[in-house]
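**Q** Hey, dropping my_file-v5.pdb in here, PDB, C-alpha atoms, pLDDT in the B column:
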ATOM      1  CA  MET L 200     116.854  -3.583  31.044  1.00 75.00           C
ATOM      2  CA  PHE L 201     113.460  -1.834  31.123  1.00 87.00           C
ATOM      3  CA  SER L 202     111.875  -0.448  34.269  1.00 91.00           C
ATOM      4  CA  ASN L 203     108.109  -0.495  34.797  1.00 92.00           C
ATOM      5  CA  LYS L 204     108.028   3.187  33.783  1.00 94.00           C
ATOM      6  CA  ASP L 205     109.910   2.370  30.569  1.00 92.00           C
ATOM      7  CA  LEU L 206     107.443  -0.383  29.734  1.00 94.00           C
ATOM      8  CA  GLU L 207     104.575   2.023  30.325  1.00 95.00           C
ATOM      9  CA  ARG L 208     106.237   4.784  28.281  1.00 95.00           C
ATOM     10  CA  TYR L 209     106.695   2.539  25.237  1.00 95.00           C
ATOM     11  CA  SER L 210     103.673   0.301  25.783  1.00 96.00           C
ATOM     12  CA  ARG L 211     101.870   1.373  22.582  1.00 97.00           C
ATOM     13  CA  GLN L 212     104.946   0.402  20.543  1.00 96.00           C
ATOM     14  CA  ILE L 213     105.734  -2.774  22.440  1.00 97.00           C
ATOM     15  CA  ILE L 214     102.267  -4.234  21.831  1.00 97.00           C
ATOM     16  CA  LEU L 215     102.937  -4.120  18.083  1.00 97.00           C
ATOM     17  CA  LYS L 216     103.821  -7.636  16.916  1.00 96.00           C
ATOM     18  CA  LYS L 217     106.658  -6.277  14.767  1.00 96.00           C
ATOM     19  CA  VAL L 218     108.196  -4.435  17.739  1.00 97.00           C
ATOM     20  CA  GLY L 219     107.703  -6.152  21.103  1.00 96.00           C
ATOM     21  CA  VAL L 220     110.255  -5.963  23.919  1.00 96.00           C
ATOM     22  CA  LEU L 221     113.041  -7.252  21.653  1.00 97.00           C
ATOM     23  CA  GLY L 222     112.308  -4.557  19.090  1.00 97.00           C
ATOM     24  CA  GLN L 223     112.239  -1.880  21.772  1.00 97.00           C
ATOM     25  CA  LYS L 224     115.644  -3.133  22.897  1.00 97.00           C
ATOM     26  CA  LYS L 225     116.930  -2.703  19.327  1.00 97.00           C
ATOM     27  CA  ILE L 226     115.701   0.901  19.350  1.00 98.00           C
ATOM     28  CA  LEU L 227     117.386   1.467  22.712  1.00 97.00           C
ATOM     29  CA  ASN L 228     120.702   0.124  21.389  1.00 97.00           C
ATOM     30  CA  ALA L 229     120.639   2.163  18.166  1.00 98.00           C
ATOM     31  CA  LYS L 230     122.845   5.170  17.450  1.00 98.00           C
ATOM     32  CA  VAL L 231     121.437   7.723  15.001  1.00 98.00           C
ATOM     33  CA  LEU L 232     123.070  10.868  13.621  1.00 98.00           C
ATOM     34  CA  VAL L 233     120.886  13.723  12.322  1.00 98.00           C
ATOM     35  CA  VAL L 234     122.714  16.284  10.179  1.00 98.00           C
ATOM     36  CA  GLY L 235     120.729  19.491   9.884  1.00 97.00           C
ATOM     37  CA  CYS L 236     118.275  20.442  12.639  1.00 97.00           C
ATOM     38  CA  GLY L 237     115.636  22.342  10.687  1.00 95.00           C
ATOM     39  CA  GLY L 238     112.328  21.546   9.016  1.00 95.00           C
ATOM     40  CA  LEU L 239     113.275  17.909   8.404  1.00 97.00           C
ATOM     41  CA  GLY L 240     115.657  17.320  11.285  1.00 97.00           C
ATOM     42  CA  THR L 241     113.433  18.536  14.123  1.00 98.00           C
ATOM     43  CA  PRO L 242     110.526  16.102  13.521  1.00 97.00           C
ATOM     44  CA  VAL L 243     113.057  13.296  13.025  1.00 98.00           C
ATOM     45  CA  ILE L 244     114.753  14.099  16.349  1.00 98.00           C
ATOM     46  CA  ASP L 245     111.466  14.548  18.203  1.00 97.00           C
ATOM     47  CA  LEU L 246     109.930  11.276  16.987  1.00 98.00           C
ATOM     48  CA  LEU L 247     113.067   9.168  17.430  1.00 98.00           C
ATOM     49  CA  CYS L 248     113.586  10.399  20.966  1.00 97.00           C
ATOM     50  CA  ARG L 249     109.958   9.704  21.853  1.00 97.00           C
ATOM     51  CA  ALA L 250     110.366   6.224  20.339  1.00 97.00           C
ATOM     52  CA  GLY L 251     113.227   5.560  22.781  1.00 97.00           C
ATOM     53  CA  ILE L 252     116.326   5.809  20.605  1.00 97.00           C
ATOM     54  CA  GLY L 253     119.364   5.061  22.759  1.00 96.00           C
ATOM     55  CA  GLU L 254     121.827   7.613  21.399  1.00 98.00           C
ATOM     56  CA  ILE L 255     121.335  10.534  19.055  1.00 98.00           C
ATOM     57  CA  GLY L 256     123.852  12.923  17.525  1.00 98.00           C
ATOM     58  CA  MET L 257     122.924  16.317  16.070  1.00 98.00           C
ATOM     59  CA  VAL L 258     125.037  18.395  13.674  1.00 98.00           C
ATOM     60  CA  ASP L 259     124.084  22.044  13.078  1.00 97.00           C
ATOM     61  CA  HIS L 260     125.897  25.369  13.413  1.00 97.00           C
ATOM     62  CA  ASP L 261     122.875  27.652  13.020  1.00 97.00           C
ATOM     63  CA  LYS L 262     120.900  29.705  15.503  1.00 97.00           C
ATOM     64  CA  VAL L 263     117.096  29.768  15.620  1.00 97.00           C
ATOM     65  CA  SER L 264     115.538  32.591  13.591  1.00 96.00           C
ATOM     66  CA  ILE L 265     111.954  33.797  13.524  1.00 97.00           C
ATOM     67  CA  SER L 266     111.499  32.425   9.980  1.00 95.00           C
ATOM     68  CA  ASN L 267     112.258  28.904  11.302  1.00 94.00           C
ATOM     69  CA  LEU L 268     109.300  28.791  13.649  1.00 96.00           C
ATOM     70  CA  HIS L 269     106.567  27.951  11.129  1.00 95.00           C
ATOM     71  CA  ARG L 270     108.113  24.570  10.285  1.00 95.00           C
ATOM     72  CA  GLN L 271     110.860  23.657  12.807  1.00 94.00           C
ATOM     73  CA  VAL L 272     108.646  22.041  15.386  1.00 95.00           C
ATOM     74  CA  MET L 273     110.904  21.841  18.432  1.00 96.00           C
ATOM     75  CA  PHE L 274     111.547  25.596  18.640  1.00 97.00           C
ATOM     76  CA  ASN L 275     109.498  28.506  19.950  1.00 96.00           C
ATOM     77  CA  SER L 276     109.821  32.288  20.212  1.00 97.00           C
ATOM     78  CA  ASP L 277     111.978  32.096  23.353  1.00 97.00           C
ATOM     79  CA  ASP L 278     114.616  30.170  21.383  1.00 96.00           C
ATOM     80  CA  ILE L 279     115.305  32.860  18.755  1.00 98.00           C
ATOM     81  CA  GLY L 280     118.991  33.762  18.604  1.00 97.00           C
ATOM     82  CA  LYS L 281     120.132  30.608  20.417  1.00 98.00           C
ATOM     83  CA  TYR L 282     122.048  27.717  18.875  1.00 98.00           C
ATOM     84  CA  LYS L 283     119.718  24.985  17.656  1.00 98.00           C
ATOM     85  CA  VAL L 284     121.690  22.034  19.045  1.00 98.00           C
ATOM     86  CA  ASP L 285     121.883  23.645  22.494  1.00 98.00           C
ATOM     87  CA  ILE L 286     118.110  24.127  22.593  1.00 98.00           C
ATOM     88  CA  LEU L 287     117.424  20.630  21.263  1.00 98.00           C
ATOM     89  CA  LYS L 288     119.598  18.923  23.846  1.00 97.00           C
ATOM     90  CA  LYS L 289     117.658  20.641  26.660  1.00 97.00           C
ATOM     91  CA  LYS L 290     114.306  19.718  25.121  1.00 97.00           C
ATOM     92  CA  ILE L 291     115.305  16.096  24.517  1.00 97.00           C
ATOM     93  CA  ASN L 292     116.302  15.831  28.175  1.00 96.00           C
ATOM     94  CA  LYS L 293     112.784  16.958  29.094  1.00 95.00           C
ATOM     95  CA  ILE L 294     111.309  14.236  26.862  1.00 94.00           C
ATOM     96  CA  ASN L 295     113.580  11.468  28.178  1.00 93.00           C
ATOM     97  CA  LYS L 296     116.649  11.943  30.350  1.00 93.00           C
ATOM     98  CA  LYS L 297     117.899   8.435  29.558  1.00 94.00           C
ATOM     99  CA  ILE L 298     118.717   9.279  25.934  1.00 96.00           C
ATOM    100  CA  ILE L 299     122.399   9.951  25.242  1.00 97.00           C
ATOM    101  CA  VAL L 300     122.519  13.236  23.310  1.00 98.00           C
ATOM    102  CA  ASN L 301     125.641  14.353  21.446  1.00 98.00           C
ATOM    103  CA  LYS L 302     125.618  17.836  19.957  1.00 98.00           C
ATOM    104  CA  TYR L 303     128.030  19.042  17.278  1.00 98.00           C
ATOM    105  CA  ARG L 304     127.785  22.806  16.874  1.00 97.00           C
ATOM    106  CA  VAL L 305     129.669  22.787  13.593  1.00 97.00           C
ATOM    107  CA  LYS L 306     128.934  23.106   9.903  1.00 95.00           C
ATOM    108  CA  ALA L 307     128.976  19.714   8.168  1.00 95.00           C
ATOM    109  CA  GLU L 308     132.176  19.795   6.129  1.00 94.00           C
ATOM    110  CA  ASP L 309     134.680  17.421   4.555  1.00 94.00           C
ATOM    111  CA  LYS L 310     137.148  18.030   7.392  1.00 94.00           C
ATOM    112  CA  ASN L 311     134.821  16.960  10.229  1.00 95.00           C
ATOM    113  CA  LEU L 312     131.909  14.912   8.916  1.00 95.00           C
ATOM    114  CA  GLY L 313     133.669  11.572   8.490  1.00 93.00           C
ATOM    115  CA  LYS L 314     135.008  11.561  12.041  1.00 95.00           C
ATOM    116  CA  ILE L 315     131.539  12.243  13.456  1.00 97.00           C
ATOM    117  CA  LEU L 316     129.537  10.023  11.123  1.00 97.00           C
ATOM    118  CA  LYS L 317     131.514   6.812  11.616  1.00 95.00           C
ATOM    119  CA  GLN L 318     130.393   6.610  15.268  1.00 96.00           C
ATOM    120  CA  TYR L 319     126.713   6.048  14.322  1.00 98.00           C
ATOM    121  CA  ASP L 320     124.631   3.237  12.790  1.00 96.00           C
ATOM    122  CA  VAL L 321     122.055   5.230  10.824  1.00 98.00           C
ATOM    123  CA  ILE L 322     122.577   8.653   9.273  1.00 98.00           C
ATOM    124  CA  VAL L 323     119.699  11.064   8.582  1.00 98.00           C
ATOM    125  CA  ASP L 324     120.044  14.020   6.251  1.00 98.00           C
ATOM    126  CA  GLY L 325     118.072  17.102   7.245  1.00 97.00           C
ATOM    127  CA  THR L 326     120.236  19.595   5.365  1.00 95.00           C
ATOM    128  CA  ASP L 327     119.005  22.238   2.952  1.00 90.00           C
ATOM    129  CA  ASN L 328     121.708  22.002   0.291  1.00 90.00           C
ATOM    130  CA  PHE L 329     123.045  19.356  -2.069  1.00 90.00           C
ATOM    131  CA  LYS L 330     126.697  19.980  -1.220  1.00 91.00           C
ATOM    132  CA  ALA L 331     126.042  18.637   2.282  1.00 94.00           C
ATOM    133  CA  LYS L 332     123.904  15.782   0.951  1.00 95.00           C
ATOM    134  CA  PHE L 333     126.705  14.616  -1.342  1.00 94.00           C
ATOM    135  CA  LEU L 334     129.161  14.798   1.563  1.00 95.00           C
ATOM    136  CA  LEU L 335     126.851  12.585   3.618  1.00 97.00           C
ATOM    137  CA  ASN L 336     126.606  10.231   0.649  1.00 95.00           C
ATOM    138  CA  LYS L 337     130.411  10.117   0.375  1.00 94.00           C
ATOM    139  CA  PHE L 338     131.131   9.303   4.021  1.00 96.00           C
ATOM    140  CA  SER L 339     128.160   6.975   4.487  1.00 96.00           C
ATOM    141  CA  LEU L 340     129.430   5.047   1.465  1.00 94.00           C
ATOM    142  CA  LYS L 341     132.971   4.982   2.866  1.00 94.00           C
ATOM    143  CA  TYR L 342     131.894   3.608   6.250  1.00 96.00           C
ATOM    144  CA  LYS L 343     129.071   1.409   4.841  1.00 95.00           C
ATOM    145  CA  LYS L 344     126.328   3.161   6.810  1.00 96.00           C
ATOM    146  CA  LYS L 345     122.587   3.335   6.293  1.00 96.00           C
ATOM    147  CA  LEU L 346     121.639   6.787   5.010  1.00 97.00           C
ATOM    148  CA  ILE L 347     118.231   8.449   4.733  1.00 97.00           C
ATOM    149  CA  ILE L 348     118.171  11.628   2.671  1.00 97.00           C
ATOM    150  CA  GLY L 349     115.346  14.147   2.539  1.00 96.00           C
ATOM    151  CA  ALA L 350     114.714  17.188   0.354  1.00 93.00           C
ATOM    152  CA  ILE L 351     111.701  19.506   0.420  1.00 94.00           C
ATOM    153  CA  SER L 352     110.282  22.458  -1.495  1.00 91.00           C
ATOM    154  CA  LYS L 353     106.851  24.052  -1.814  1.00 93.00           C
ATOM    155  CA  PHE L 354     104.374  21.156  -1.349  1.00 96.00           C
ATOM    156  CA  GLU L 355     106.774  18.382  -2.337  1.00 95.00           C
ATOM    157  CA  GLY L 356     109.206  16.074  -0.571  1.00 95.00           C
ATOM    158  CA  HIS L 357     111.807  13.597  -1.835  1.00 95.00           C
ATOM    159  CA  ILE L 358     113.090  10.769   0.365  1.00 96.00           C
ATOM    160  CA  PHE L 359     115.902   8.319  -0.408  1.00 95.00           C
ATOM    161  CA  THR L 360     117.138   5.364   1.646  1.00 95.00           C
ATOM    162  CA  PHE L 361     120.560   3.823   1.024  1.00 94.00           C
ATOM    163  CA  ASP L 362     122.036   0.757   2.703  1.00 94.00           C
ATOM    164  CA  PHE L 363     125.720   0.819   1.855  1.00 93.00           C
ATOM    165  CA  SER L 364     126.337  -2.498   3.578  1.00 91.00           C
ATOM    166  CA  LEU L 365     124.688  -4.046   0.500  1.00 88.00           C
ATOM    167  CA  LYS L 366     126.860  -4.459  -2.592  1.00 84.00           C
ATOM    168  CA  LYS L 367     124.004  -3.728  -4.999  1.00 85.00           C
ATOM    169  CA  SER L 368     122.981  -0.462  -3.360  1.00 89.00           C
ATOM    170  CA  PRO L 369     123.133   2.622  -5.601  1.00 92.00           C
ATOM    171  CA  CYS L 370     124.024   6.003  -4.095  1.00 90.00           C
ATOM    172  CA  LEU L 371     122.810   9.581  -4.414  1.00 92.00           C
ATOM    173  CA  LYS L 372     125.190  10.228  -7.311  1.00 90.00           C
ATOM    174  CA  CYS L 373     123.534   7.424  -9.269  1.00 89.00           C
ATOM    175  CA  PHE L 374     120.329   9.492  -9.222  1.00 88.00           C
ATOM    176  CA  TYR L 375     121.823  12.968  -9.515  1.00 84.00           C
ATOM    177  CA  GLN L 376     124.719  12.419 -11.905  1.00 71.00           C
ATOM    178  CA  GLY L 377     125.844  15.975 -11.265  1.00 66.00           C
ATOM    179  CA  GLU L 378     125.208  18.293  -8.336  1.00 67.00           C
ATOM    180  CA  PRO L 379     121.825  20.021  -8.921  1.00 65.00           C
ATOM    181  CA  SER L 380     122.007  23.734  -9.635  1.00 59.00           C
ATOM    182  CA  ASP L 381     121.184  26.299  -6.959  1.00 51.00           C
ATOM    183  CA  GLY L 382     117.467  26.694  -6.398  1.00 52.00           C
ATOM    184  CA  VAL L 383     116.504  23.030  -6.888  1.00 56.00           C
ATOM    185  CA  LEU L 384     114.344  21.952  -3.935  1.00 58.00           C
ATOM    186  CA  ASP L 385     115.315  25.137  -2.117  1.00 64.00           C
ATOM    187  CA  CYS L 386     112.933  26.338   0.619  1.00 70.00           C
ATOM    188  CA  GLU L 387     114.497  29.775   0.843  1.00 71.00           C
ATOM    189  CA  THR L 388     113.796  30.653  -2.798  1.00 75.00           C
ATOM    190  CA  ASP L 389     110.772  28.435  -3.532  1.00 83.00           C
ATOM    191  CA  GLY L 390     109.031  28.494  -0.146  1.00 91.00           C
ATOM    192  CA  ILE L 391     107.754  25.545   1.882  1.00 92.00           C
ATOM    193  CA  LEU L 392     104.525  24.680   3.647  1.00 92.00           C
ATOM    194  CA  GLY L 393     105.334  23.792   7.249  1.00 94.00           C
ATOM    195  CA  SER L 394     103.265  20.609   7.152  1.00 95.00           C
ATOM    196  CA  THR L 395     105.196  19.407   4.089  1.00 96.00           C
ATOM    197  CA  ALA L 396     108.427  19.595   6.086  1.00 95.00           C
ATOM    198  CA  PHE L 397     106.853  17.832   9.066  1.00 96.00           C
ATOM    199  CA  ILE L 398     105.336  14.997   7.010  1.00 97.00           C
ATOM    200  CA  SER L 399     108.583  14.440   5.095  1.00 97.00           C
ATOM    201  CA  GLY L 400     110.634  14.420   8.311  1.00 97.00           C
ATOM    202  CA  SER L 401     108.124  12.055   9.924  1.00 98.00           C
ATOM    203  CA  LEU L 402     108.535   9.647   7.007  1.00 97.00           C
ATOM    204  CA  GLN L 403     112.307   9.799   7.443  1.00 98.00           C
ATOM    205  CA  ALA L 404     111.904   8.929  11.137  1.00 98.00           C
ATOM    206  CA  ASN L 405     109.613   6.067  10.149  1.00 97.00           C
ATOM    207  CA  GLU L 406     112.279   4.733   7.763  1.00 97.00           C
ATOM    208  CA  VAL L 407     114.891   4.906  10.555  1.00 98.00           C
ATOM    209  CA  LEU L 408     112.728   2.847  12.901  1.00 98.00           C
ATOM    210  CA  LYS L 409     111.962   0.283  10.177  1.00 97.00           C
ATOM    211  CA  ILE L 410     115.684  -0.095   9.488  1.00 96.00           C
ATOM    212  CA  ILE L 411     116.478  -0.551  13.182  1.00 97.00           C
ATOM    213  CA  LEU L 412     113.660  -3.071  13.608  1.00 97.00           C
ATOM    214  CA  ASN L 413     114.316  -4.725  10.225  1.00 96.00           C
ATOM    215  CA  VAL L 414     110.610  -4.723   9.360  1.00 96.00           C
ATOM    216  CA  GLY L 415     108.532  -3.890   6.301  1.00 94.00           C
ATOM    217  CA  LYS L 416     109.649  -2.712   2.872  1.00 90.00           C
ATOM    218  CA  ASN L 417     112.373  -0.090   2.647  1.00 84.00           C
ATOM    219  CA  LEU L 418     113.206   2.544   0.052  1.00 89.00           C
ATOM    220  CA  ASN L 419     116.651   1.206  -0.841  1.00 87.00           C
ATOM    221  CA  SER L 420     117.233   1.784  -4.586  1.00 85.00           C
ATOM    222  CA  HIS L 421     114.119   3.995  -4.743  1.00 90.00           C
ATOM    223  CA  ILE L 422     113.112   7.612  -4.343  1.00 94.00           C
ATOM    224  CA  LEU L 423     109.778   8.391  -2.710  1.00 96.00           C
ATOM    225  CA  ILE L 424     108.264  11.518  -4.270  1.00 96.00           C
ATOM    226  CA  ILE L 425     105.530  13.106  -2.164  1.00 96.00           C
ATOM    227  CA  ASP L 426     103.195  15.626  -3.789  1.00 97.00           C
ATOM    228  CA  LEU L 427     101.082  16.845  -0.876  1.00 96.00           C
ATOM    229  CA  LEU L 428      99.232  19.444  -2.922  1.00 96.00           C
ATOM    230  CA  ASN L 429      97.636  16.754  -5.091  1.00 97.00           C
ATOM    231  CA  LEU L 430      98.033  13.818  -2.656  1.00 96.00           C
ATOM    232  CA  ILE L 431     100.200  11.806  -5.047  1.00 97.00           C
ATOM    233  CA  PHE L 432     102.884   9.473  -3.702  1.00 96.00           C
ATOM    234  CA  ARG L 433     105.276   7.854  -6.190  1.00 96.00           C
ATOM    235  CA  LYS L 434     108.060   5.349  -5.530  1.00 95.00           C
ATOM    236  CA  VAL L 435     110.587   5.319  -8.377  1.00 93.00           C
ATOM    237  CA  LEU L 436     113.258   2.656  -8.839  1.00 91.00           C
ATOM    238  CA  PHE L 437     116.786   3.598  -9.886  1.00 89.00           C
ATOM    239  CA  ARG L 438     119.879   1.448 -10.205  1.00 87.00           C
ATOM    240  CA  LYS L 439     123.608   1.665  -9.612  1.00 87.00           C
ATOM    241  CA  ARG L 440     125.139   3.709 -12.423  1.00 87.00           C
ATOM    242  CA  LYS L 441     128.199   2.445 -14.262  1.00 86.00           C
ATOM    243  CA  GLY L 442     131.261   4.512 -13.400  1.00 83.00           C
ATOM    244  CA  CYS L 443     129.718   5.954 -10.233  1.00 86.00           C
ATOM    245  CA  ILE L 444     131.772   6.223  -7.029  1.00 83.00           C
ATOM    246  CA  CYS L 445     129.676   3.437  -5.500  1.00 84.00           C
ATOM    247  CA  GLU L 446     130.359   0.941  -8.296  1.00 72.00           C
ATOM    248  CA  ASN L 447     132.982  -1.011  -6.386  1.00 71.00           C
ATOM    249  CA  ILE L 448     131.243  -1.373  -3.006  1.00 64.00           C
TER
END
In structure tokens, write the structure found in this file.

**A**
Amino acid sequence: MFSNKDLERYSRQIILKKVGVLGQKKILNAKVLVVGCGGLGTPVIDLLCRAGIGEIGMVDHDKVSISNLHRQVMFNSDDIGKYKVDILKKKINKINKKIIVNKYRVKAEDKNLGKILKQYDVIVDGTDNFKAKFLLNKFSLKYKKKLIIGAISKFEGHIFTFDFSLKKSPCLKCFYQGEPSDGVLDCETDGILGSTAFISGSLQANEVLKIILNVGKNLNSHILIIDLLNLIFRKVLFRKRKGCICENI
């Protein structure tokens, strides 16, 4: 399965007792979908591909703008005006040609998201709006996927992990009983420090790898709140809400 070059490439992971060759094989066999290729999505994609993920899908309809460059770590000045997924596919191929890369140059909407999402094992939210996050919640719930949601603003990040294969798992609507108003955790209006986006995205990638490897503690039924200005990390428990759409799973 692994060539000598593969073993050398992933040697620092393979020597970890909780990974090993069998764990690396799990990473190789995993299929991950990243929806939103911006401040959160780019570090997730970069780190997963370097970890040896077997197949990755990317959903984004935007082009790179100059305002993206301070936090979207896989882009540079030469990429401005080009579609993000096109650029990312080329850069992933330079990291590792063996990775299967599927690009979806579309806006994540009700009419297309379910068809795309059901092909993958783990879903990662890198979007910048709650309408898209609730759509991901809806389809991940429908197809019993594992979903990792991220939201960032200023110096703060929020990360959720949901495992909808578990009957007791709450969903995003259990936490946000209604869709948050415009401007909540909004980088465009509130601003964002680039390192906050990178750290939050890196934590999402870490959660993906833990899920694939089935190691450590996960965030299911919790929200991780990261205050990087004051270096405060809080993990808050929440439960399935009566009458929520996830009540019968």

**Q** For His421 in chain L, which of L:Val435, L:Leu316, L:Ala250, L:Val305 is the closest residue, counting all atoms listed in the file?

**A**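 So, comparing all the options, the nearest one is L:Val435.
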
**Q** Please report as a tab-separated table every residue of range 381-426 of chain L lying within 8 Å of range 345-366 of chain L, along with the nearest atom pair and their distance in Å (one decimal), using only C-alpha atoms.

**A**
residue	atom	partner	partner_atom	distance
L:Leu384	CA	L:Ser352	CA	4.8
L:Asp385	CA	L:Ser352	CA	5.7
L:Cys386	CA	L:Ser352	CA	5.2
L:Asp389	CA	L:Lys353	CA	6.1
L:Gly390	CA	L:Lys353	CA	5.2
L:Ile391	CA	L:Lys353	CA	4.1
L:Leu392	CA	L:Lys353	CA	6.0
L:Thr395	CA	L:Phe354	CA	5.8
L:Ala396	CA	L:Ile351	CA	6.5
L:Ser399	CA	L:Gly356	CA	5.9
L:Gly400	CA	L:Gly349	CA	7.5
L:Gln403	CA	L:Ile347	CA	6.7
L:Glu406	CA	L:Ile347	CA	7.6
L:Val407	CA	L:Ile347	CA	7.6
L:Asn417	CA	L:Thr360	CA	7.3
L:Leu418	CA	L:Thr360	CA	5.1
L:Asn419	CA	L:Thr360	CA	4.9
L:Ser420	CA	L:Phe361	CA	6.8
L:His421	CA	L:Phe359	CA	6.4
L:Ile422	CA	L:Phe359	CA	4.9
L:Leu423	CA	L:Ile358	CA	5.1
L:Ile424	CA	L:His357	CA	4.8
L:Ile425	CA	L:Gly356	CA	5.0
L:Asp426	CA	L:Glu355	CA	4.7

**Q** So, with all atoms listed in the file as the atoms that count, which of L:Lys224, L:Arg304, L:Lys204, L:Lys416 lies closest to Ile286 in chain L?

**A**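 Looking only at the distances to Ile286 in chain L, the closest residue turns out to be L:Arg304.
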
**Q** May I ask for the distance between CA of Phe437 in chain L and CA of Asn336 in chain L, given in Å to one decimal place?

**A**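 Separation of CA of Phe437 in chain L and CA of Asn336 in chain L: 15.9 Å.
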
**Q** Counting all atoms listed in the file, what is within 12 Å of Ser266 in chain L, bar same-chain residues fewer than 3 positions away, as a ChimeraX atom specification?

**A** /L:237-238,262-263,269-271,274-276,279-280,386-387,390-391,393

**Q** Which centre and which edge lengths, in Å to one decimal, describe the axis-aligned box that holds all listed atoms of range 266-269 of chain L after 6 Å is added on each side, as JSON?

**A**
{"center_x": 109.4, "center_y": 30.2, "center_z": 11.8, "size_x": 17.7, "size_y": 16.5, "size_z": 15.7}

**Q** What separation in Å, quoted to one decimal, exists between CA of Phe374 in chain L and CA of Leu412 in chain L?

**A**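 Separation between CA of Phe374 in chain L and CA of Leu412 in chain L: 26.9 Å.
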
**Q** What's the 12 Å shell around Lys290 in chain L, counting all atoms listed in the file, without same-chain residues fewer than 6 positions away, as a PDB file with C-alpha atoms, in the coordinates of the input?

**A**
ATOM      1  CA  THR L 241     113.433  18.536  14.123  1.00 98.00           C
ATOM      2  CA  ILE L 244     114.753  14.099  16.349  1.00 98.00           C
ATOM      3  CA  ASP L 245     111.466  14.548  18.203  1.00 97.00           C
ATOM      4  CA  CYS L 248     113.586  10.399  20.966  1.00 97.00           C
ATOM      5  CA  ARG L 249     109.958   9.704  21.853  1.00 97.00           C
ATOM      6  CA  VAL L 272     108.646  22.041  15.386  1.00 95.00           C
ATOM      7  CA  MET L 273     110.904  21.841  18.432  1.00 96.00           C
ATOM      8  CA  PHE L 274     111.547  25.596  18.640  1.00 97.00           C
ATOM      9  CA  ASN L 275     109.498  28.506  19.950  1.00 96.00           C
ATOM     10  CA  ASP L 278     114.616  30.170  21.383  1.00 96.00           C
ATOM     11  CA  LYS L 283     119.718  24.985  17.656  1.00 98.00           C
ATOM     12  CA  VAL L 284     121.690  22.034  19.045  1.00 98.00           C
ATOM     13  CA  LYS L 296     116.649  11.943  30.350  1.00 93.00           C
ATOM     14  CA  ILE L 298     118.717   9.279  25.934  1.00 96.00           C
ATOM     15  CA  VAL L 300     122.519  13.236  23.310  1.00 98.00           C
TER      16      VAL L 300
END

**Q** Quote the spacing between CA of Lys297 in chain L and CA of Leu215 in chain L in Å to one decimal place.

**A** 22.7 Å

**Q** For this file, the PyMOL selection byres ((chain L and resi 369) around 8) selects which residues, as a PyMOL selection string?

**A** chain L and resi 361+367-368+370-371+373+420+437-440+445-446

**Q** Using only C-alpha atoms, determine which residues lie at most 12 Å from Ile213 in chain L, disregarding the query and same-chain residues fewer than 2 positions distant; provide the list as a CSV table (one decimal) with C-alpha atoms, in the coordinates of the input.

**A**
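As written to disk, result17.csv reads:
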chain,number,residue,atom,x,y,z
L,201,PHE,CA,113.5,-1.8,31.1
L,205,ASP,CA,109.9,2.4,30.6
L,206,LEU,CA,107.4,-0.4,29.7
L,207,GLU,CA,104.6,2.0,30.3
L,208,ARG,CA,106.2,4.8,28.3
L,209,TYR,CA,106.7,2.5,25.2
L,210,SER,CA,103.7,0.3,25.8
L,211,ARG,CA,101.9,1.4,22.6
L,215,LEU,CA,102.9,-4.1,18.1
L,216,LYS,CA,103.8,-7.6,16.9
L,217,LYS,CA,106.7,-6.3,14.8
L,218,VAL,CA,108.2,-4.4,17.7
L,219,GLY,CA,107.7,-6.2,21.1
L,220,VAL,CA,110.3,-6.0,23.9
L,221,LEU,CA,113.0,-7.3,21.7
L,222,GLY,CA,112.3,-4.6,19.1
L,223,GLN,CA,112.2,-1.9,21.8
L,224,LYS,CA,115.6,-3.1,22.9
L,225,LYS,CA,116.9,-2.7,19.3
L,226,ILE,CA,115.7,0.9,19.4
L,250,ALA,CA,110.4,6.2,20.3
L,251,GLY,CA,113.2,5.6,22.8
L,412,LEU,CA,113.7,-3.1,13.6

**Q** Using all atoms listed in the file, pick whichever of L:Ser394, L:Met257, L:Asp320, L:Ala229 has the shortest atom-to-atom distance to Ile291 in chain L.

**A**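 Checking each candidate against Ile291 in chain L, we get L:Met257 as the closest.
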
**Q** Which residue, L:Asn228, L:Gln376, L:Thr388, L:Thr326, has the smallest gap to Ile255 in chain L when you use all atoms listed in the file?

**A**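 The answer is L:Asn228, which sits nearest to Ile255 in chain L.
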
**Q** Take the PyMOL selection byres ((chain L and resi 313) around 10), run it mentally on this structure, and tell me the resulting residues as JSON, numbers by chain.

**A** {"L": [307, 308, 309, 310, 311, 312, 314, 315, 316, 317, 318, 334, 335, 337, 338, 339, 341, 342]}

**Q** Give me the result of the PyMOL selection byres ((chain L and resi 233) around 9) on this file, residue by residue, as a PyMOL selection string.

**A** chain L and resi 231-232+234-236+240+243-244+255-259+321-325

**Q** Between L:Ser401, L:Asn413, L:Asn447, L:Asn328, which one has atoms that come closest to Leu246 in chain L, using all atoms listed in the file?

**A**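 Smallest distance to Leu246 in chain L is found for L:Ser401.
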